[in-house]
$ cat protein-v2.cif   # mmCIF, C-alpha atoms and all ligand atoms
data_model
#
loop_
_atom_site.group_PDB
_atom_site.id
_atom_site.type_symbol
_atom_site.label_atom_id
_atom_site.label_comp_id
_atom_site.auth_asym_id
_atom_site.auth_seq_id
_atom_site.Cartn_x
_atom_site.Cartn_y
_atom_site.Cartn_z
ATOM 1 C CA MET A 1 65.925 94.205 88.626
ATOM 2 C CA SER A 2 64.409 93.942 92.113
ATOM 3 C CA ALA A 3 65.714 91.849 95.025
ATOM 4 C CA ASP A 4 63.068 89.224 94.244
ATOM 5 C CA ASP A 5 64.469 88.799 90.735
ATOM 6 C CA PHE A 6 68.008 88.274 91.979
ATOM 7 C CA HIS A 7 67.365 84.776 93.279
ATOM 8 C CA ASP A 8 71.059 83.844 93.388
ATOM 9 C CA LEU A 9 72.613 87.001 94.844
ATOM 10 C CA ASP A 10 74.465 84.751 97.324
ATOM 11 C CA ALA A 11 76.260 83.120 94.406
ATOM 12 C CA VAL A 12 77.524 86.484 93.101
ATOM 13 C CA VAL A 13 78.234 88.512 96.240
ATOM 14 C CA ASP A 14 79.589 87.236 99.563
ATOM 15 C CA THR A 15 76.317 88.119 101.299
ATOM 16 C CA VAL A 16 77.509 86.707 104.619
ATOM 17 C CA ARG A 17 80.165 89.397 104.744
ATOM 18 C CA TYR A 18 78.148 91.973 102.748
ATOM 19 C CA PRO A 19 74.369 91.439 103.202
ATOM 20 C CA ILE A 20 73.626 94.291 100.772
ATOM 21 C CA ALA A 21 70.003 93.314 100.152
ATOM 22 C CA ASP A 22 69.167 94.127 103.786
ATOM 23 C CA LEU A 23 70.186 97.735 104.367
ATOM 24 C CA ASP A 24 68.792 97.757 107.900
ATOM 25 C CA CYS A 25 70.622 94.771 109.344
ATOM 26 C CA ALA A 26 73.408 95.468 111.841
ATOM 27 C CA ILE A 27 76.219 94.172 109.608
ATOM 28 C CA THR A 28 75.188 96.342 106.635
ATOM 29 C CA THR A 29 74.640 99.417 108.801
ATOM 30 C CA GLU A 30 78.142 98.998 110.174
ATOM 31 C CA ILE A 31 79.646 98.531 106.685
ATOM 32 C CA ILE A 32 77.871 101.670 105.449
ATOM 33 C CA GLU A 33 79.035 103.641 108.474
ATOM 34 C CA SER A 34 82.691 102.689 108.101
ATOM 35 C CA ALA A 35 82.535 103.177 104.304
ATOM 36 C CA ARG A 36 81.341 106.735 104.896
ATOM 37 C CA VAL A 37 84.220 107.388 107.273
ATOM 38 C CA SER A 38 86.666 106.042 104.697
ATOM 39 C CA LEU A 39 85.106 108.142 101.927
ATOM 40 C CA ALA A 40 85.347 111.260 104.058
ATOM 41 C CA SER A 41 88.933 110.633 105.157
ATOM 42 C CA ALA A 42 90.462 109.081 102.024
ATOM 43 C CA GLY A 43 88.012 109.755 99.158
ATOM 44 C CA VAL A 44 88.037 106.021 98.427
ATOM 45 C CA VAL A 45 86.147 103.030 99.835
ATOM 46 C CA ALA A 46 87.404 99.490 99.259
ATOM 47 C CA LEU A 47 85.300 96.459 100.166
ATOM 48 C CA PRO A 48 87.570 93.416 99.752
ATOM 49 C CA GLY A 49 86.082 89.982 99.072
ATOM 50 C CA PHE A 50 82.835 91.444 97.732
ATOM 51 C CA LEU A 51 82.546 89.116 94.722
ATOM 52 C CA ARG A 52 82.543 85.335 94.882
ATOM 53 C CA ASP A 53 85.593 83.576 93.408
ATOM 54 C CA LYS A 54 83.440 81.718 90.876
ATOM 55 C CA VAL A 55 82.126 85.024 89.521
ATOM 56 C CA ILE A 56 85.621 86.471 89.286
ATOM 57 C CA ALA A 57 86.732 83.422 87.293
ATOM 58 C CA GLU A 58 83.670 83.564 85.006
ATOM 59 C CA VAL A 59 84.063 87.267 84.183
ATOM 60 C CA ALA A 60 87.835 86.956 83.698
ATOM 61 C CA SER A 61 87.427 84.046 81.324
ATOM 62 C CA TYR A 62 84.704 85.885 79.341
ATOM 63 C CA ALA A 63 86.815 89.052 78.970
ATOM 64 C CA THR A 64 89.902 87.075 77.985
ATOM 65 C CA ALA A 65 88.070 84.933 75.415
ATOM 66 C CA GLU A 66 86.120 87.837 73.870
ATOM 67 C CA LYS A 67 88.860 90.465 73.936
ATOM 68 C CA HIS A 68 88.810 90.974 70.181
ATOM 69 C CA SER A 69 85.137 91.960 70.182
ATOM 70 C CA ALA A 70 86.050 94.863 72.506
ATOM 71 C CA ASN A 71 87.339 98.256 71.349
ATOM 72 C CA LEU A 72 91.020 99.009 71.726
ATOM 73 C CA GLN A 73 90.925 102.525 73.117
ATOM 74 C CA ASP A 74 94.202 104.104 72.103
ATOM 75 C CA ALA A 75 93.897 107.800 72.727
ATOM 76 C CA THR A 76 95.892 110.793 73.765
ATOM 77 C CA GLY A 77 94.364 113.736 75.576
ATOM 78 C CA THR A 78 94.732 115.948 78.587
ATOM 79 C CA ALA A 79 93.685 115.107 82.122
ATOM 80 C CA TYR A 80 90.664 117.303 81.388
ATOM 81 C CA LEU A 81 89.525 114.829 78.690
ATOM 82 C CA GLY A 82 90.188 117.301 75.910
ATOM 83 C CA ALA A 83 92.807 118.131 73.314
ATOM 84 C CA VAL A 84 96.077 119.871 74.183
ATOM 85 C CA ASP A 85 95.528 123.645 74.317
ATOM 86 C CA THR A 86 98.623 125.438 73.041
ATOM 87 C CA SER A 87 97.358 128.816 74.263
ATOM 88 C CA TYR A 88 98.700 127.720 77.673
ATOM 89 C CA PRO A 89 102.439 127.994 78.396
ATOM 90 C CA GLU A 90 104.860 125.055 78.068
ATOM 91 C CA GLY A 91 104.618 122.662 81.028
ATOM 92 C CA HIS A 92 101.036 123.648 81.853
ATOM 93 C CA PRO A 93 98.676 120.706 82.606
ATOM 94 C CA ARG A 94 96.365 121.854 79.787
ATOM 95 C CA ARG A 95 99.256 121.199 77.394
ATOM 96 C CA ASN A 96 100.199 117.851 78.888
ATOM 97 C CA ALA A 97 99.102 114.905 76.702
ATOM 98 C CA GLN A 98 98.333 111.663 78.508
ATOM 99 C CA HIS A 99 98.174 108.337 76.725
ATOM 100 C CA SER A 100 95.514 105.682 77.391
ATOM 101 C CA ARG A 101 95.552 102.265 75.822
ATOM 102 C CA THR A 102 93.140 99.535 76.952
ATOM 103 C CA TRP A 103 90.563 97.090 75.664
ATOM 104 C CA VAL A 104 87.059 98.367 76.531
ATOM 105 C CA PHE A 105 83.891 96.277 76.503
ATOM 106 C CA ASP A 106 80.969 98.675 76.441
ATOM 107 C CA TYR A 107 77.703 97.867 78.223
ATOM 108 C CA ASP A 108 76.191 96.490 75.041
ATOM 109 C CA LEU A 109 79.004 93.937 74.794
ATOM 110 C CA VAL A 110 78.472 92.534 78.283
ATOM 111 C CA PRO A 111 75.901 89.719 77.942
ATOM 112 C CA SER A 112 72.713 90.071 80.014
ATOM 113 C CA HIS A 113 73.483 86.843 81.913
ATOM 114 C CA ASN A 114 76.988 88.015 82.891
ATOM 115 C CA PRO A 115 77.005 88.206 86.727
ATOM 116 C CA VAL A 116 78.624 91.643 86.780
ATOM 117 C CA ARG A 117 75.884 92.996 84.505
ATOM 118 C CA ARG A 118 73.162 91.338 86.567
ATOM 119 C CA LEU A 119 74.676 92.859 89.704
ATOM 120 C CA PHE A 120 74.838 96.315 88.103
ATOM 121 C CA GLU A 121 71.156 96.035 87.105
ATOM 122 C CA PHE A 122 70.139 94.945 90.592
ATOM 123 C CA ASP A 123 68.385 97.889 92.313
ATOM 124 C CA GLY A 124 69.654 96.616 95.673
ATOM 125 C CA LEU A 125 73.254 97.411 94.663
ATOM 126 C CA THR A 126 72.277 100.949 93.591
ATOM 127 C CA GLU A 127 70.559 101.430 96.961
ATOM 128 C CA PHE A 128 73.618 100.135 98.817
ATOM 129 C CA ILE A 129 75.928 102.522 96.899
ATOM 130 C CA SER A 130 73.437 105.345 97.493
ATOM 131 C CA ALA A 131 73.560 104.654 101.241
ATOM 132 C CA ILE A 132 77.382 104.654 101.277
ATOM 133 C CA LEU A 133 77.506 107.967 99.426
ATOM 134 C CA GLY A 134 74.605 109.504 101.328
ATOM 135 C CA ARG A 135 73.102 110.515 97.971
ATOM 136 C CA THR A 136 69.461 109.787 97.308
ATOM 137 C CA PRO A 137 68.084 109.135 94.823
ATOM 138 C CA LEU A 138 70.858 107.582 92.840
ATOM 139 C CA PHE A 139 70.467 106.355 89.257
ATOM 140 C CA ARG A 140 72.459 104.033 87.092
ATOM 141 C CA MET A 141 73.791 105.956 84.110
ATOM 142 C CA ALA A 142 71.428 105.727 81.152
ATOM 143 C CA ASP A 143 74.281 105.507 78.649
ATOM 144 C CA PRO A 144 73.777 102.327 76.578
ATOM 145 C CA LEU A 145 77.548 102.109 76.032
ATOM 146 C CA GLY A 146 79.069 103.758 79.075
ATOM 147 C CA ALA A 147 76.874 102.778 82.037
ATOM 148 C CA LEU A 148 78.825 99.547 82.516
ATOM 149 C CA ASN A 149 82.285 98.819 81.126
ATOM 150 C CA LEU A 150 84.692 95.948 81.394
ATOM 151 C CA THR A 151 88.292 96.908 80.724
ATOM 152 C CA LEU A 152 91.162 94.579 79.985
ATOM 153 C CA MET A 153 94.682 95.963 80.131
ATOM 154 C CA GLU A 154 97.616 94.027 78.697
ATOM 155 C CA ASP A 155 101.367 94.498 78.957
ATOM 156 C CA ASP A 156 102.173 98.192 78.410
ATOM 157 C CA HIS A 157 98.518 99.297 78.543
ATOM 158 C CA VAL A 158 97.852 102.349 80.696
ATOM 159 C CA GLN A 159 95.104 104.790 81.645
ATOM 160 C CA GLY A 160 96.693 108.218 81.731
ATOM 161 C CA TRP A 161 96.123 110.809 84.456
ATOM 162 C CA HIS A 162 92.599 112.228 84.221
ATOM 163 C CA TYR A 163 89.504 113.465 85.995
ATOM 164 C CA ASP A 164 86.202 111.649 85.468
ATOM 165 C CA SER A 165 83.147 113.373 84.063
ATOM 166 C CA THR A 166 80.975 111.944 86.868
ATOM 167 C CA ASP A 167 81.362 112.576 90.613
ATOM 168 C CA PHE A 168 82.274 108.989 91.416
ATOM 169 C CA VAL A 169 82.767 105.551 89.860
ATOM 170 C CA VAL A 170 82.312 102.074 91.318
ATOM 171 C CA SER A 171 84.830 99.462 90.246
ATOM 172 C CA LEU A 172 84.859 95.708 90.692
ATOM 173 C CA ALA A 173 88.354 94.260 90.474
ATOM 174 C CA ILE A 174 88.375 91.005 88.495
ATOM 175 C CA GLN A 175 92.029 90.172 87.786
ATOM 176 C CA SER A 176 95.316 91.848 88.664
ATOM 177 C CA SER A 177 98.319 92.002 86.386
ATOM 178 C CA ASP A 178 101.665 90.406 87.301
ATOM 179 C CA CYS A 179 103.101 93.837 87.908
ATOM 180 C CA GLY A 180 101.955 97.471 87.622
ATOM 181 C CA GLY A 181 98.286 98.324 87.029
ATOM 182 C CA GLU A 182 97.940 100.079 90.392
ATOM 183 C CA PHE A 183 95.233 102.692 90.800
ATOM 184 C CA GLU A 184 96.948 105.972 91.698
ATOM 185 C CA CYS A 185 95.002 108.933 92.973
ATOM 186 C CA ALA A 186 95.719 112.521 94.038
ATOM 187 C CA ARG A 187 92.656 113.046 96.104
ATOM 188 C CA ASP A 188 90.632 116.286 95.787
ATOM 189 C CA ILE A 189 93.534 118.003 94.081
ATOM 190 C CA ARG A 190 91.133 120.499 92.486
ATOM 191 C CA HIS A 191 87.907 122.178 93.488
ATOM 192 C CA ALA A 192 85.116 123.843 91.566
ATOM 193 C CA GLU A 193 86.789 127.274 91.941
ATOM 194 C CA GLU A 194 90.452 126.219 92.009
ATOM 195 C CA GLU A 195 92.168 124.026 89.418
ATOM 196 C CA ASN A 196 95.403 124.019 91.423
ATOM 197 C CA TYR A 197 97.489 123.718 88.248
ATOM 198 C CA GLU A 198 100.794 123.899 90.106
ATOM 199 C CA SER A 199 100.178 120.701 92.092
ATOM 200 C CA VAL A 200 98.601 119.025 89.068
ATOM 201 C CA ALA A 201 101.753 119.776 87.034
ATOM 202 C CA ARG A 202 103.833 118.149 89.789
ATOM 203 C CA VAL A 203 101.668 115.010 89.712
ATOM 204 C CA LEU A 204 101.856 114.832 85.904
ATOM 205 C CA SER A 205 105.635 115.073 85.980
ATOM 206 C CA GLY A 206 105.896 112.368 88.650
ATOM 207 C CA GLU A 207 107.230 114.712 91.304
ATOM 208 C CA ALA A 208 104.317 114.606 93.703
ATOM 209 C CA GLY A 209 104.597 111.287 95.513
ATOM 210 C CA ASP A 210 103.401 113.134 98.625
ATOM 211 C CA LEU A 211 100.045 113.876 96.959
ATOM 212 C CA VAL A 212 99.480 110.492 95.344
ATOM 213 C CA SER A 213 97.995 107.424 97.057
ATOM 214 C CA VAL A 214 98.603 104.050 95.429
ATOM 215 C CA TYR A 215 95.948 101.322 95.601
ATOM 216 C CA PRO A 216 97.034 97.867 94.478
ATOM 217 C CA MET A 217 94.056 96.005 93.056
ATOM 218 C CA THR A 218 92.867 92.775 94.617
ATOM 219 C CA PRO A 219 90.355 90.644 92.684
ATOM 220 C CA GLY A 220 86.881 90.643 94.217
ATOM 221 C CA THR A 221 87.162 94.136 95.721
ATOM 222 C CA LEU A 222 84.396 96.680 95.218
ATOM 223 C CA MET A 223 85.806 100.184 95.213
ATOM 224 C CA VAL A 224 84.080 103.566 95.165
ATOM 225 C CA PHE A 225 86.223 106.567 94.298
ATOM 226 C CA MET A 226 85.448 110.230 93.818
ATOM 227 C CA GLY A 227 86.988 110.900 90.407
ATOM 228 C CA ARG A 228 85.645 114.302 89.368
ATOM 229 C CA ASN A 229 88.126 116.297 91.435
ATOM 230 C CA SER A 230 90.686 113.598 92.215
ATOM 231 C CA LEU A 231 93.352 113.267 89.538
ATOM 232 C CA HIS A 232 93.864 109.545 88.951
ATOM 233 C CA ARG A 233 95.404 106.997 86.603
ATOM 234 C CA VAL A 234 96.066 103.295 86.181
ATOM 235 C CA ALA A 235 99.842 102.766 86.146
ATOM 236 C CA PRO A 236 101.298 100.877 83.159
ATOM 237 C CA VAL A 237 100.570 97.159 83.251
ATOM 238 C CA ILE A 238 103.609 94.899 83.102
ATOM 239 C CA GLY A 239 103.584 91.189 82.290
ATOM 240 C CA THR A 240 101.467 88.652 80.465
ATOM 241 C CA THR A 241 98.477 88.496 82.853
ATOM 242 C CA PRO A 242 95.929 91.178 81.923
ATOM 243 C CA ARG A 243 94.375 93.515 84.480
ATOM 244 C CA ILE A 244 90.573 93.232 84.286
ATOM 245 C CA VAL A 245 88.090 95.576 85.969
ATOM 246 C CA ALA A 246 84.346 96.282 85.736
ATOM 247 C CA LEU A 247 83.374 99.965 85.964
ATOM 248 C CA LEU A 248 79.846 100.850 87.074
ATOM 249 C CA GLY A 249 78.455 104.320 86.326
ATOM 250 C CA TYR A 250 75.881 106.217 88.382
ATOM 251 C CA ASP A 251 74.570 109.737 88.738
ATOM 252 C CA THR A 252 72.301 111.656 91.071
ATOM 253 C CA LYS A 253 70.347 112.738 87.978
ATOM 254 C CA PRO A 254 68.407 110.315 85.762
ATOM 255 C CA ASP A 255 69.172 109.842 82.047
ATOM 256 C CA THR A 256 72.895 110.694 82.196
ATOM 257 C CA GLN A 257 74.790 109.957 78.970
ATOM 258 C CA SER A 258 78.400 110.602 78.062
ATOM 259 C CA SER A 259 79.150 112.854 75.088
ATOM 260 C CA ASP A 260 79.437 111.443 71.568
ATOM 261 C CA GLY A 261 83.090 112.524 71.531
ATOM 262 C CA LEU A 262 83.843 110.487 74.648
ATOM 263 C CA LYS A 263 81.913 107.509 73.257
ATOM 264 C CA LEU A 264 83.866 107.583 69.996
ATOM 265 C CA MET A 265 87.184 107.788 71.809
ATOM 266 C CA ARG A 266 86.381 104.968 74.218
ATOM 267 C CA TYR A 267 84.134 102.591 72.237
ATOM 268 C CA GLY A 268 84.906 103.536 68.648
ATOM 269 C CA ARG A 269 81.192 104.226 68.038
ATOM 270 C CA THR A 270 78.279 106.225 69.419
ATOM 271 C CA THR A 271 75.408 103.747 69.127
ATOM 272 C CA THR A 272 74.799 100.206 70.268
ATOM 273 C CA ARG A 273 75.420 97.373 67.819
ATOM 274 C CA SER A 274 71.725 96.489 67.702
ATOM 275 C CA VAL A 275 70.918 100.031 66.514
ATOM 276 C CA ALA A 276 74.045 100.631 64.453
HETATM 277 O O1 LIG A 301 90.479 100.817 85.979
HETATM 278 C C1 LIG A 301 90.359 101.505 86.996
HETATM 279 O O2 LIG A 301 90.639 101.077 88.121
HETATM 280 C C2 LIG A 301 89.865 102.926 86.890
HETATM 281 C C3 LIG A 301 89.800 103.414 85.480
HETATM 282 C C4 LIG A 301 89.359 104.847 85.389
HETATM 283 O O3 LIG A 301 89.809 105.707 86.064
HETATM 284 C C5 LIG A 301 88.340 105.211 84.401
HETATM 285 O O4 LIG A 301 87.943 104.361 83.598
HETATM 286 O O5 LIG A 301 87.895 106.385 84.415
HETATM 287 FE FE FE A 302 88.705 107.560 85.814
#

$ encode --input "protein-v2.cif" --output "structure tokens"
Amino acid sequence: MSADDFHDLDAVVDTVRYPIADLDCAITTEIIESARVSLASAGVVALPGFLRDKVIAEVASYATAEKHSANLQDATGTAYLGAVDTSYPEGHPRRNAQHSRTWVFDYDLVPSHNPVRRLFEFDGLTEFISAILGRTPLFRMADPLGALNLTLMEDDHVQGWHYDSTDFVVSLAIQSSDCGGEFECARDIRHAEEENYESVARVLSGEAGDLVSVYPMTPGTLMVFMGRNSLHRVAPVIGTTPRIVALLGYDTKPDTQSSDGLKLMRYGRTTTRSVA
């Protein structure tokens, strides 16, 4: 979708505060500059008030009403997105099982007129994210299930500690829970050559408050976080108001798909409903 097609961008994004369709204007240049500083210093960028209130309400009411058409992901696995490996000693992160339980709407389940989907398919947003990350070109994931997700987390739902299989993820906060549901992140705890298992074990056992930053979620915020090497989780949700988030997937390579195993675990299927 090009800028010309997105005739009502102002109704979806607060374009006075975030004029994302004009990358060269002074306000956007300044936003991109400070986002880069924040990414470099904290590994996370948060842009509060990005979405219009009406959009937040529309997406929240859709997710709440259609919850039962989503997949209830209820899975246990390690932070490395695999099964427990008993060849490692007791207490090792590769033996530590993390539980995730959440309703997941895959891309196929988000209607084409949904404002979050229209925003994801708007090339101007991809270009804005690309400018923040300093990565060009940038592509939306090609995964027909995983490129865009809406998640809804109820009382006692959780996303266990894990690393993502992509370098970064963009989230749009739609609704916060009464309590819990914070995004917790141990930034850059591992590197390509160093898994740093000792610190990871401390985070997994809850003994590494010094390494973990906690980000409460505020509806309307766009967040970019570097999840491949930053161990992160969503803390257990408490209370009757569900936590709702949209997750937008990108890659620096075209045609990126997640594995069939990951699709099965998260969506309960590997193909879209129209094909299945
Ligand atoms: O819901 C969030 O804020 C992030 C979830 C997450 O880490 C993921 O889906 O990989
Ligand atoms: Fe993640």

$ residues_near_ligand --input "protein-v2.cif" --ligand "ligand FE 302 (chain A)" --cutoff "7 Å" --atoms "all atoms listed in the file" --output "PyMOL selection string"
chain A and resi 162-164+227+232-233

$ closest_atom_pairs --input "protein-v2.cif" --of "chain A" --to "ligand LIG 301 (chain A)" --cutoff "9 Å" --atoms "all atoms listed in the file" --output "tab-separated table"
residue	atom	partner	partner_atom	distance
A:Asn149	CA	A:LIG301	O4	8.3
A:Leu150	CA	A:LIG301	O1	8.8
A:Thr151	CA	A:LIG301	O1	6.9
A:Leu152	CA	A:LIG301	O1	8.7
A:Met153	CA	A:LIG301	O1	8.7
A:Gln159	CA	A:LIG301	C3	6.7
A:Gly160	CA	A:LIG301	O3	8.5
A:Trp161	CA	A:LIG301	O3	8.3
A:His162	CA	A:LIG301	O3	7.3
A:Tyr163	CA	A:LIG301	O5	7.4
A:Asp164	CA	A:LIG301	O5	5.6
A:Ser165	CA	A:LIG301	O5	8.5
A:Val169	CA	A:LIG301	O5	7.5
A:Val170	CA	A:LIG301	C2	8.8
A:Ser171	CA	A:LIG301	O2	6.4
A:Leu172	CA	A:LIG301	O2	8.3
A:Ala173	CA	A:LIG301	O2	7.6
A:Gly181	CA	A:LIG301	O2	8.2
A:Glu182	CA	A:LIG301	O2	7.7
A:Phe183	CA	A:LIG301	O2	5.6
A:Glu184	CA	A:LIG301	O2	8.7
A:Met217	CA	A:LIG301	O2	7.9
A:Met223	CA	A:LIG301	O2	8.6
A:Gly227	CA	A:LIG301	O3	7.3
A:His232	CA	A:LIG301	O3	6.3
A:Arg233	CA	A:LIG301	O3	5.8
A:Val234	CA	A:LIG301	C1	6.0
A:Arg243	CA	A:LIG301	O1	8.4
A:Ile244	CA	A:LIG301	O1	7.8
A:Val245	CA	A:LIG301	O1	5.8
A:Ala246	CA	A:LIG301	O1	7.6
A:Leu247	CA	A:LIG301	O4	6.8

$ closest_residue --input "protein-v2.cif" --among "A:Thr271, A:Thr76, A:Ser112, A:Ser213" --to "Val44 (chain A)" --atoms "all atoms listed in the file"
A:Ser213

$ closest_residue --input "protein-v2.cif" --among "A:Tyr62, A:Leu264, A:Tyr197, A:Leu231" --to "Tyr88 (chain A)" --atoms "only C-alpha atoms"
A:Tyr197

$ atom_distance --input "protein-v2.cif" --atom1 "CA of Thr28 (chain A)" --atom2 "CA of Asp251 (chain A)"
22.4 Å

$ atom_distance --input "protein-v2.cif" --atom1 "CA of Thr78 (chain A)" --atom2 "CA of Tyr267 (chain A)"
18.2 Å

$ atom_distance --input "protein-v2.cif" --atom1 "CA of Pro89 (chain A)" --atom2 "CA of His191 (chain A)"
21.7 Å

$ residues_around --input "protein-v2.cif" --residues "region 130-137 of chain A" --least-positions-apart "5" --cutoff "7 Å" --atoms "only C-alpha atoms" --output "number ranges by chain"
A: 32, 35-36, 252

$ residues_around --input "protein-v2.cif" --residues "region 9-23 of chain A" --least-positions-apart "5" --cutoff "10 Å" --atoms "all atoms listed in the file" --output "JSON, numbers by chain"
{"A": [2, 3, 4, 28, 29, 30, 31, 32, 47, 48, 49, 50, 51, 52, 53, 54, 55, 56, 115, 116, 118, 119, 122, 123, 124, 125, 126, 127, 128, 129, 131, 220]}

$ write_last_selection --input "protein-v2.cif" --atoms "C-alpha atoms" --output "PDB file, in the coordinates of the input"
ATOM      1  CA  SER A   2      64.409  93.942  92.113  1.00  0.00           C
ATOM      2  CA  ALA A   3      65.714  91.849  95.025  1.00  0.00           C
ATOM      3  CA  ASP A   4      63.068  89.224  94.244  1.00  0.00           C
ATOM      4  CA  THR A  28      75.188  96.342 106.635  1.00  0.00           C
ATOM      5  CA  THR A  29      74.640  99.417 108.801  1.00  0.00           C
ATOM      6  CA  GLU A  30      78.142  98.998 110.174  1.00  0.00           C
ATOM      7  CA  ILE A  31      79.646  98.531 106.685  1.00  0.00           C
ATOM      8  CA  ILE A  32      77.871 101.670 105.449  1.00  0.00           C
ATOM      9  CA  LEU A  47      85.300  96.459 100.166  1.00  0.00           C
ATOM     10  CA  PRO A  48      87.570  93.416  99.752  1.00  0.00           C
ATOM     11  CA  GLY A  49      86.082  89.982  99.072  1.00  0.00           C
ATOM     12  CA  PHE A  50      82.835  91.444  97.732  1.00  0.00           C
ATOM     13  CA  LEU A  51      82.546  89.116  94.722  1.00  0.00           C
ATOM     14  CA  ARG A  52      82.543  85.335  94.882  1.00  0.00           C
ATOM     15  CA  ASP A  53      85.593  83.576  93.408  1.00  0.00           C
ATOM     16  CA  LYS A  54      83.440  81.718  90.876  1.00  0.00           C
ATOM     17  CA  VAL A  55      82.126  85.024  89.521  1.00  0.00           C
ATOM     18  CA  ILE A  56      85.621  86.471  89.286  1.00  0.00           C
ATOM     19  CA  PRO A 115      77.005  88.206  86.727  1.00  0.00           C
ATOM     20  CA  VAL A 116      78.624  91.643  86.780  1.00  0.00           C
ATOM     21  CA  ARG A 118      73.162  91.338  86.567  1.00  0.00           C
ATOM     22  CA  LEU A 119      74.676  92.859  89.704  1.00  0.00           C
ATOM     23  CA  PHE A 122      70.139  94.945  90.592  1.00  0.00           C
ATOM     24  CA  ASP A 123      68.385  97.889  92.313  1.00  0.00           C
ATOM     25  CA  GLY A 124      69.654  96.616  95.673  1.00  0.00           C
ATOM     26  CA  LEU A 125      73.254  97.411  94.663  1.00  0.00           C
ATOM     27  CA  THR A 126      72.277 100.949  93.591  1.00  0.00           C
ATOM     28  CA  GLU A 127      70.559 101.430  96.961  1.00  0.00           C
ATOM     29  CA  PHE A 128      73.618 100.135  98.817  1.00  0.00           C
ATOM     30  CA  ILE A 129      75.928 102.522  96.899  1.00  0.00           C
ATOM     31  CA  ALA A 131      73.560 104.654 101.241  1.00  0.00           C
ATOM     32  CA  GLY A 220      86.881  90.643  94.217  1.00  0.00           C
TER      33      GLY A 220
END

$ residues_near_point --input "protein-v2.cif" --point "(98.9, 92.5, 86.1)" --cutoff "6 Å" --atoms "all atoms listed in the file" --output "list of chain:residue names"
A:Ser176, A:Ser177, A:Asp178, A:Cys179, A:Gly181, A:Val237, A:Thr241, A:Pro242, A:Arg243

$ write_last_selection --input "protein-v2.cif" --atoms "C-alpha atoms" --output "short mmCIF file (atom, residue, chain, number, x, y, z; two decimals), keeping the file's coordinate frame"
data_model
loop_
_atom_site.label_atom_id
_atom_site.label_comp_id
_atom_site.auth_asym_id
_atom_site.auth_seq_id
_atom_site.Cartn_x
_atom_site.Cartn_y
_atom_site.Cartn_z
CA SER A 176 95.32 91.85 88.66
CA SER A 177 98.32 92.00 86.39
CA ASP A 178 101.66 90.41 87.30
CA CYS A 179 103.10 93.84 87.91
CA GLY A 181 98.29 98.32 87.03
CA VAL A 237 100.57 97.16 83.25
CA THR A 241 98.48 88.50 82.85
CA PRO A 242 95.93 91.18 81.92
CA ARG A 243 94.38 93.52 84.48
#

$ resolve_selection --input "protein-v2.cif" --expression "the PyMOL selection byres (((chain A and resi 260) around 12) and not hetatm)" --output "list in words"
Asp143, Pro144, Leu145, Gly146, Gln257, Ser258, Ser259, Gly261, Leu262, Lys263, Leu264, Met265, Arg266, Tyr267, Gly268, Arg269, Thr270 and Thr271 of chain A

$ axis_aligned_box --input "protein-v2.cif" --around "region 253-258 of chain A" --padding-each-side "6 Å" --output "lines of an AutoDock Vina configuration file"
center_x = 73.4
center_y = 111.3
center_z = 83.0
size_x = 22.0
size_y = 14.9
size_z = 21.9

$ closest_residue --input "protein-v2.cif" --among "A:Ile174, A:Leu248, A:Val224, A:Ala142" --to "Ala40 (chain A)" --atoms "only C-alpha atoms"
A:Val224

$ closest_residue --input "protein-v2.cif" --among "A:Arg140, A:His7, A:Arg101, A:Lys67" --to "Phe168 (chain A)" --atoms "all atoms listed in the file"
A:Arg140

$ resolve_selection --input "protein-v2.cif" --expression "the PyMOL selection byres (((chain A and resi 103) around 7) and not hetatm)" --output "PyMOL selection string"
chain A and resi 70-73+102+104-105+151-153

$ closest_residue --input "protein-v2.cif" --among "A:Cys185, A:Gly77, A:Glu154, A:Tyr250" --to "Thr64 (chain A)" --atoms "only C-alpha atoms"
A:Glu154

$ decode --input "protein-v2.cif" --residues "region 29-34 of chain A" --atoms "N, CA, C and O atoms" --output "mmCIF file, in the first residue's frame"
data_model
loop_
_atom_site.group_PDB
_atom_site.id
_atom_site.type_symbol
_atom_site.label_atom_id
_atom_site.label_comp_id
_atom_site.auth_asym_id
_atom_site.auth_seq_id
_atom_site.Cartn_x
_atom_site.Cartn_y
_atom_site.Cartn_z
ATOM 1 N N THR A 29 12.504 13.874 11.192
ATOM 2 C CA THR A 29 13.967 13.703 11.282
ATOM 3 C C THR A 29 14.398 13.672 12.746
ATOM 4 O O THR A 29 15.239 12.859 13.130
ATOM 5 N N GLU A 30 13.790 14.541 13.528
ATOM 6 C CA GLU A 30 14.137 14.594 14.957
ATOM 7 C C GLU A 30 13.696 13.318 15.687
ATOM 8 O O GLU A 30 14.435 12.769 16.523
ATOM 9 N N ILE A 31 12.498 12.828 15.341
ATOM 10 C CA ILE A 31 11.994 11.588 15.968
ATOM 11 C C ILE A 31 12.944 10.429 15.633
ATOM 12 O O ILE A 31 13.317 9.632 16.498
ATOM 13 N N ILE A 32 13.340 10.364 14.360
ATOM 14 C CA ILE A 32 14.211 9.260 13.919
ATOM 15 C C ILE A 32 15.553 9.351 14.649
ATOM 16 O O ILE A 32 16.084 8.346 15.136
ATOM 17 N N GLU A 33 16.053 10.560 14.761
ATOM 18 C CA GLU A 33 17.351 10.762 15.426
ATOM 19 C C GLU A 33 17.273 10.320 16.894
ATOM 20 O O GLU A 33 18.121 9.554 17.370
ATOM 21 N N SER A 34 16.241 10.748 17.603
ATOM 22 C CA SER A 34 16.208 10.378 19.025
ATOM 23 C C SER A 34 15.857 8.902 19.198
ATOM 24 O O SER A 34 16.298 8.259 20.156
#
